[in-house]
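J.: One file: structure-v3.cif (mmCIF, C-alpha atoms).
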```cif
data_coords
loop_
_atom_site.label_atom_id
_atom_site.label_comp_id
_atom_site.auth_asym_id
_atom_site.auth_seq_id
_atom_site.Cartn_x
_atom_site.Cartn_y
_atom_site.Cartn_z
CA MET J 171 2.21 -7.75 -12.80
CA ASP J 172 0.37 -8.27 -16.06
CA PRO J 173 -2.59 -10.59 -15.39
CA ASN J 174 -1.83 -12.46 -18.60
CA THR J 175 1.26 -13.91 -16.90
CA GLN J 176 -0.88 -15.86 -14.44
CA ALA J 177 -1.72 -19.40 -15.52
CA GLY J 178 -5.32 -19.79 -16.56
CA ASN J 179 -5.82 -16.10 -17.33
CA ALA J 180 -5.79 -16.37 -21.13
CA ALA J 181 -9.24 -14.80 -21.37
CA ILE J 182 -8.22 -11.76 -19.33
CA SER J 183 -6.79 -8.65 -20.98
CA HIS J 184 -4.87 -5.91 -19.19
CA ASP J 185 -7.38 -3.44 -20.64
CA ASP J 186 -10.52 -5.35 -19.65
CA ASP J 187 -13.23 -3.17 -18.15
CA GLU J 188 -13.09 -3.34 -14.36
CA ALA J 189 -16.86 -3.51 -13.97
CA ALA J 190 -16.89 -6.63 -16.14
CA LEU J 191 -14.11 -8.16 -14.10
CA VAL J 192 -16.05 -7.47 -10.90
CA GLN J 193 -19.12 -9.24 -12.28
CA ARG J 194 -17.08 -12.23 -13.40
CA ALA J 195 -15.18 -12.45 -10.12
CA ALA J 196 -18.40 -12.20 -8.12
CA ARG J 197 -19.54 -15.36 -9.93
CA GLY J 198 -16.41 -17.10 -8.66
CA GLU J 199 -14.18 -16.74 -11.71
CA GLU J 200 -10.62 -17.06 -10.46
CA ALA J 201 -8.96 -15.44 -13.46
CA ALA J 202 -11.07 -12.30 -13.14
CA PHE J 203 -10.33 -11.86 -9.45
CA THR J 204 -6.64 -12.52 -10.06
CA ALA J 205 -6.64 -9.61 -12.52
CA ILE J 206 -8.33 -7.38 -9.93
CA MET J 207 -5.79 -8.35 -7.28
CA ARG J 208 -2.84 -7.62 -9.53
CA ARG J 209 -4.24 -4.20 -10.44
CA HIS J 210 -4.69 -3.12 -6.82
CA ASN J 211 -2.18 -5.22 -4.86
CA GLN J 212 0.41 -2.49 -4.46
CA LEU J 213 -2.10 0.12 -3.27
CA LEU J 214 -3.61 -2.24 -0.71
CA PHE J 215 -0.25 -3.57 0.50
CA ARG J 216 1.04 -0.07 1.11
CA SER J 217 -2.20 0.86 2.90
CA VAL J 218 -1.98 -2.13 5.23
CA ARG J 219 1.79 -1.78 5.65
CA SER J 220 1.32 1.81 6.83
CA ILE J 221 -0.71 0.51 9.77
CA LEU J 222 1.04 -2.74 10.70
CA LYS J 223 4.62 -1.61 9.93
CA SER J 224 5.67 -5.16 9.10
CA ASP J 225 5.99 -6.69 5.64
CA ALA J 226 5.06 -10.18 6.86
CA ASP J 227 2.06 -8.99 8.91
CA ALA J 228 0.92 -6.79 6.02
CA GLU J 229 1.03 -9.68 3.55
CA ASP J 230 -0.98 -11.93 5.85
CA ALA J 231 -3.55 -9.23 6.60
CA LEU J 232 -3.84 -8.37 2.91
CA GLN J 233 -4.58 -11.97 1.96
CA GLU J 234 -7.42 -12.04 4.49
CA ALA J 235 -8.69 -8.68 3.25
CA TRP J 236 -8.73 -9.94 -0.35
CA LEU J 237 -10.78 -12.96 0.69
CA GLN J 238 -13.24 -10.69 2.51
CA ALA J 239 -13.48 -8.50 -0.57
CA TRP J 240 -14.09 -11.48 -2.84
CA ARG J 241 -16.91 -12.78 -0.64
CA ALA J 242 -18.51 -9.32 -0.57
CA LEU J 243 -17.91 -8.49 -4.23
CA GLY J 244 -21.55 -9.07 -5.09
CA THR J 245 -22.48 -6.12 -2.83
CA PHE J 246 -20.11 -3.68 -4.55
CA ARG J 247 -21.89 -0.84 -6.32
CA ALA J 248 -20.31 1.04 -9.22
CA ASP J 249 -21.22 4.43 -7.73
CA ALA J 250 -17.98 4.13 -5.71
CA ARG J 251 -14.46 3.53 -6.96
CA LEU J 252 -13.40 -0.10 -6.61
CA SER J 253 -9.98 0.96 -5.30
CA THR J 254 -11.56 3.03 -2.51
CA TRP J 255 -13.88 0.17 -1.55
CA LEU J 256 -10.94 -2.25 -1.43
CA VAL J 257 -8.78 0.13 0.62
CA ARG J 258 -11.54 0.40 3.22
CA ILE J 259 -11.70 -3.37 3.58
CA ALA J 260 -7.93 -3.70 3.80
CA ILE J 261 -7.55 -0.89 6.34
CA ASN J 262 -10.35 -2.27 8.51
CA GLU J 263 -8.61 -5.67 8.55
CA ALA J 264 -5.29 -4.07 9.47
CA LEU J 265 -6.84 -1.95 12.21
CA GLY J 266 -8.61 -4.98 13.64
CA ARG J 267 -5.35 -6.87 13.83
CA GLN J 268 -3.62 -3.90 15.38
CA ARG J 269 -6.27 -3.63 18.08
CA ARG J 270 -6.08 -7.34 18.82
CA LYS J 271 -2.33 -7.14 19.26
CA SER J 272 -2.62 -3.96 21.33
CA ALA J 273 0.12 -2.40 19.21
CA GLN J 274 1.89 0.61 20.68
CA ILE J 275 2.79 3.70 18.65
CA ILE J 276 6.53 4.48 18.73
CA ALA J 277 7.41 7.79 20.38
CA LEU J 278 7.83 10.45 17.71
CA GLU J 279 10.54 12.77 19.01
CA PRO J 280 13.49 10.31 19.22
CA ALA J 281 12.63 8.85 15.85
CA MET J 282 12.68 12.16 14.02
CA ASN J 283 16.17 13.22 15.11
CA LEU J 284 18.72 12.24 12.48
CA PRO J 285 22.25 13.43 13.45
CA ASP J 286 23.52 16.16 11.15
CA ALA J 287 26.79 14.31 10.55
CA ASP J 288 24.95 11.20 9.36
CA ARG J 289 22.74 13.25 7.07
CA ASP J 290 25.70 15.14 5.59
CA ASP J 291 27.67 11.94 4.98
CA ALA J 292 24.71 10.39 3.19
CA PHE J 293 24.66 13.13 0.56
CA ALA J 294 28.41 13.78 0.23
CA ASP J 295 29.04 11.67 -2.90
CA ASP J 296 29.22 13.00 -6.43
CA PRO J 297 25.62 12.97 -7.77
CA ALA J 298 26.90 12.58 -11.32
CA ALA J 299 28.46 9.16 -10.57
CA ALA J 300 25.86 6.49 -11.42
CA PRO J 301 26.91 3.73 -8.94
CA GLU J 302 27.18 6.22 -6.08
CA GLN J 303 23.85 7.80 -7.03
CA LYS J 304 22.17 4.40 -7.04
CA ALA J 305 23.57 3.56 -3.62
CA LEU J 306 22.53 6.98 -2.34
CA ARG J 307 18.97 6.49 -3.51
CA ALA J 308 18.84 3.09 -1.81
CA GLN J 309 20.14 4.57 1.42
CA LEU J 310 17.74 7.50 1.26
CA ARG J 311 14.85 5.15 0.52
CA ARG J 312 15.64 3.19 3.69
CA LEU J 313 15.79 6.42 5.68
CA ILE J 314 12.43 7.55 4.31
CA GLU J 315 10.83 4.17 5.05
CA ALA J 316 12.13 4.34 8.62
CA ARG J 317 10.78 7.86 9.11
CA ILE J 318 7.39 6.89 7.68
CA ASP J 319 7.19 3.94 10.08
CA GLU J 320 7.89 6.28 12.99
CA LEU J 321 5.13 8.76 12.17
CA PRO J 322 2.00 8.71 14.35
CA ALA J 323 -0.46 6.18 12.92
CA SER J 324 -2.99 8.77 11.71
CA PHE J 325 -0.30 10.70 9.82
CA ARG J 326 1.40 7.56 8.49
CA THR J 327 -1.61 6.15 6.66
CA VAL J 328 -2.52 9.50 5.11
CA PHE J 329 1.08 9.99 3.96
CA MET J 330 1.25 6.50 2.47
CA LEU J 331 -1.99 6.88 0.50
CA ARG J 332 -1.54 10.49 -0.59
CA ALA J 333 2.22 10.96 -1.06
CA VAL J 334 3.44 7.47 -1.89
CA GLU J 335 0.42 6.00 -3.70
CA GLU J 336 -0.66 9.42 -5.02
CA LEU J 337 -4.38 9.05 -4.36
CA SER J 338 -6.28 12.31 -4.51
CA VAL J 339 -7.24 14.11 -1.31
CA GLU J 340 -10.87 13.18 -1.93
CA GLU J 341 -10.03 9.49 -2.44
CA VAL J 342 -8.00 9.39 0.79
CA ALA J 343 -10.77 11.15 2.68
CA GLN J 344 -13.36 8.70 1.38
CA ALA J 345 -11.17 5.67 2.08
CA LEU J 346 -10.43 6.73 5.67
CA GLY J 347 -13.80 8.30 6.44
CA ILE J 348 -12.34 11.69 7.41
CA PRO J 349 -12.82 15.22 6.03
CA ALA J 350 -10.65 16.35 3.14
CA ALA J 351 -9.36 19.19 5.31
CA THR J 352 -8.10 16.64 7.83
CA VAL J 353 -6.27 14.78 5.07
CA ARG J 354 -4.50 17.97 4.03
CA THR J 355 -3.58 18.86 7.62
CA ARG J 356 -2.20 15.41 8.41
CA LEU J 357 -0.26 15.26 5.16
CA PHE J 358 1.31 18.67 5.81
CA ARG J 359 2.30 17.67 9.33
CA ALA J 360 3.70 14.32 8.18
CA ARG J 361 5.83 15.98 5.51
CA SER J 362 7.11 18.52 8.03
CA LEU J 363 8.12 15.81 10.48
CA ILE J 364 9.94 13.79 7.84
CA ARG J 365 11.71 16.84 6.43
CA GLU J 366 13.09 17.64 9.87
CA GLY J 367 15.26 14.55 9.47
CA LEU J 368 15.80 14.43 5.72
CA ALA J 369 15.88 18.13 4.77
CA SER J 370 15.33 18.79 1.07
CA GLN J 371 16.03 15.21 -0.09
CA ILE J 372 12.60 13.75 0.71
CA ASP J 373 11.29 13.80 -2.85
CA LEU J 374 14.27 11.90 -4.28
CA ALA J 375 13.16 8.44 -3.24
CA THR J 376 9.52 8.74 -2.12
CA ALA J 377 8.26 6.91 -5.21
CA ASP J 378 10.55 3.97 -4.41
CA ALA J 379 9.52 3.58 -0.77
CA PHE J 380 8.23 0.13 0.20
CA ALA J 381 8.93 -1.36 -3.22
CA PHE J 382 6.28 -3.85 -4.28
CA ASP J 383 8.14 -6.39 -6.39
CA GLY J 384 6.66 -9.09 -8.59
CA VAL J 385 7.60 -11.87 -6.16
CA ARG J 386 5.57 -10.34 -3.35
CA CYS J 387 2.62 -9.73 -5.66
CA ASP J 388 2.76 -13.33 -6.87
CA ARG J 389 2.98 -14.63 -3.30
CA ILE J 390 -0.08 -12.69 -2.15
CA VAL J 391 -2.11 -13.70 -5.20
CA ALA J 392 -1.15 -17.37 -4.81
CA GLY J 393 -2.02 -17.33 -1.11
CA VAL J 394 -5.44 -15.79 -1.71
CA LEU J 395 -6.27 -18.21 -4.53
CA ALA J 396 -5.22 -21.25 -2.49
CA ARG J 397 -7.42 -20.20 0.42
CA ALA J 398 -10.30 -19.31 -1.92
CA ARG J 399 -10.16 -22.72 -3.59
CA ALA J 400 -10.02 -24.50 -0.25
CA SER J 401 -13.11 -22.65 0.96
CA GLY J 402 -15.02 -23.14 -2.30
CA LEU J 403 -15.14 -19.44 -2.98
CA CYS J 404 -14.06 -19.85 -6.60
CA ASP J 405 -13.94 -22.37 -9.39
CA ALA J 406 -10.36 -22.72 -10.67
CA THR J 407 -11.60 -24.18 -13.94
CA ARG J 408 -13.49 -21.03 -14.94
#
```
Using structure tokens, write down the structure that the file contains.
T.:
Amino acid sequence: MDPNTQAGNAAISHDDDEAALVQRAARGEEAAFTAIMRRHNQLLFRSVRSILKSDADAEDALQEAWLQAWRALGTFRADARLSTWLVRIAINEALGRQRRKSAQIIALEPAMNLPDADRDDAFADDPAAAPEQKALRAQLRRLIEARIDELPASFRTVFMLRAVEELSVEEVAQALGIPAATVRTRLFRARSLIREGLASQIDLATADAFAFDGVRCDRIVAGVLARARASGLCDATR
């Protein structure tokens, strides 16, 4: 996800100051906004995915959120973190789509009950054997992703931002507009609910949940740039 891999980004360095990139992108410079997208794509995708619970819906919503952010970039003030500002825009877009679709929250109790036999079988292999360990991690990752999807919406987004993306409590609170104490309470409850099904194995694959590969990042960036060019938001030659 190095911005230098994107065509036309020769003038952009991975270490470029973000404030400078914001100023350049606000003037319509495609390469600068591409660098911003690639730096924050995973965080925003996971934020939106935690609400919409669909990879395809999350990608579409995220592209629209990026366009909204680009149009409003001139109003961004450096007294706030850019990542927090972007998360707010992305979450608002996801929530708006959720309301329009009148999405229903899946009942919690049936989703949290993983049969003991299934759980025991999943962890029965020799942990020292590399192929088996790799398969186990993949299986556990899928279980964790399923349990996260089945959390109540308010718990799910907090868990995604705090536990998976590792934002600070204060950053999550600011992004969601809730007190820090509420973030801590929801995170504790979310972890408790997930552990009921996964016991002590939760931490093994949390970092791998909802993997954000290069193909998806490229697809989102390309979609945003195509729509931005079509609307005249940016100048591809700059």
J.: Would you write out, as a list in words, every residue that the PyMOL selection byres ((chain J and resi 230) around 10) captures in this file?
T.: Phe215, Val218, Asp225, Ala226, Asp227, Ala228, Glu229, Ala231, Leu232, Gln233, Glu234, Ala235, Ala264, Ile390, Gly393 and Val394 of chain J
J.: Find the residues near Arg258 of chain J: any atom within 12 Å, counting only C-alpha atoms, skip ones fewer than 6 places away on the same chain, and give them as a ChimeraX atom specification.
T.: /J:213-214,217-218,232,235-236,238-239,250-252,264-265,327,331,341-347
J.: For the PyMOL selection byres ((chain J and resi 391) around 9), applied here, can you spell out every residue it catches as a PyMOL selection string?
T.: chain J and resi 204+207-208+211+233+386-390+392-396
J.: Give me, as a VMD selection string, all polymer residues having an atom no more than 9 Å from Ile206 of chain J, counting only C-alpha atoms and skipping those fewer than 3 positions away in the same chain.
T.: chain J and resid 173 188 191 to 192 195 201 to 203 209 to 211
J.: When distances are computed from all atoms listed in the file, which of J:Glu200, J:Asp249, J:Asp186, J:Glu315 shows the smallest separation from Ser224 of chain J?
T.: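 Of J:Glu200, J:Asp249, J:Asp186, J:Glu315, the one nearest Ser224 of chain J is J:Glu315, counting all atoms listed in the file.
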J.: Given the point (1.8, 12.9, 7.4) in the coordinates of this file, which residues lie within 8 Å, counting all atoms listed in the file, and how would they look as a list in words?
T.: Leu321, Ser324, Phe325, Arg326, Thr327, Val328, Phe329, Arg356, Leu357, Phe358, Arg359, Ala360, Arg361, Ser362 and Leu363 of chain J
J.: Distance atom CA of Arg317 of chain J-atom CA of Val334 of chain J, one decimal place?
T.: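 These two atoms are separated by 13.2 Å.
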J.: Quick one, how far is atom CA of Arg270 of chain J from atom CA of Ala323 of chain J?
T.: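 According to the coordinates, atom CA of Arg270 of chain J and atom CA of Ala323 of chain J are separated by 15.8 Å.
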J.: With 3 Å on each side, where is the centre of the axis-aligned box around all listed atoms of segment 324-335 of chain J, and how long are its edges in Å to one decimal, as lines of an AutoDock Vina configuration file?
T.:
```
center_x = 0.2
center_y = 8.5
center_z = 4.0
size_x = 12.4
size_y = 11.0
size_z = 21.4
```
J.: Measure the distance from atom CA of Thr352 of chain J to atom CA of Leu313 of chain J in Å and round it to one decimal.
T.: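 A separation of 26.1 Å between them.
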J.: Take the PyMOL selection byres ((chain J and resi 242) around 12), run it mentally on this structure, and tell me the resulting residues as a count of residues only.
T.: 22
J.: Closest to Asp383 of chain J among J:Asp319, J:Pro349, J:Gln212, J:Ile182, using all atoms listed in the file?
T.: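 Smallest separation from Asp383 of chain J among the options: J:Gln212.
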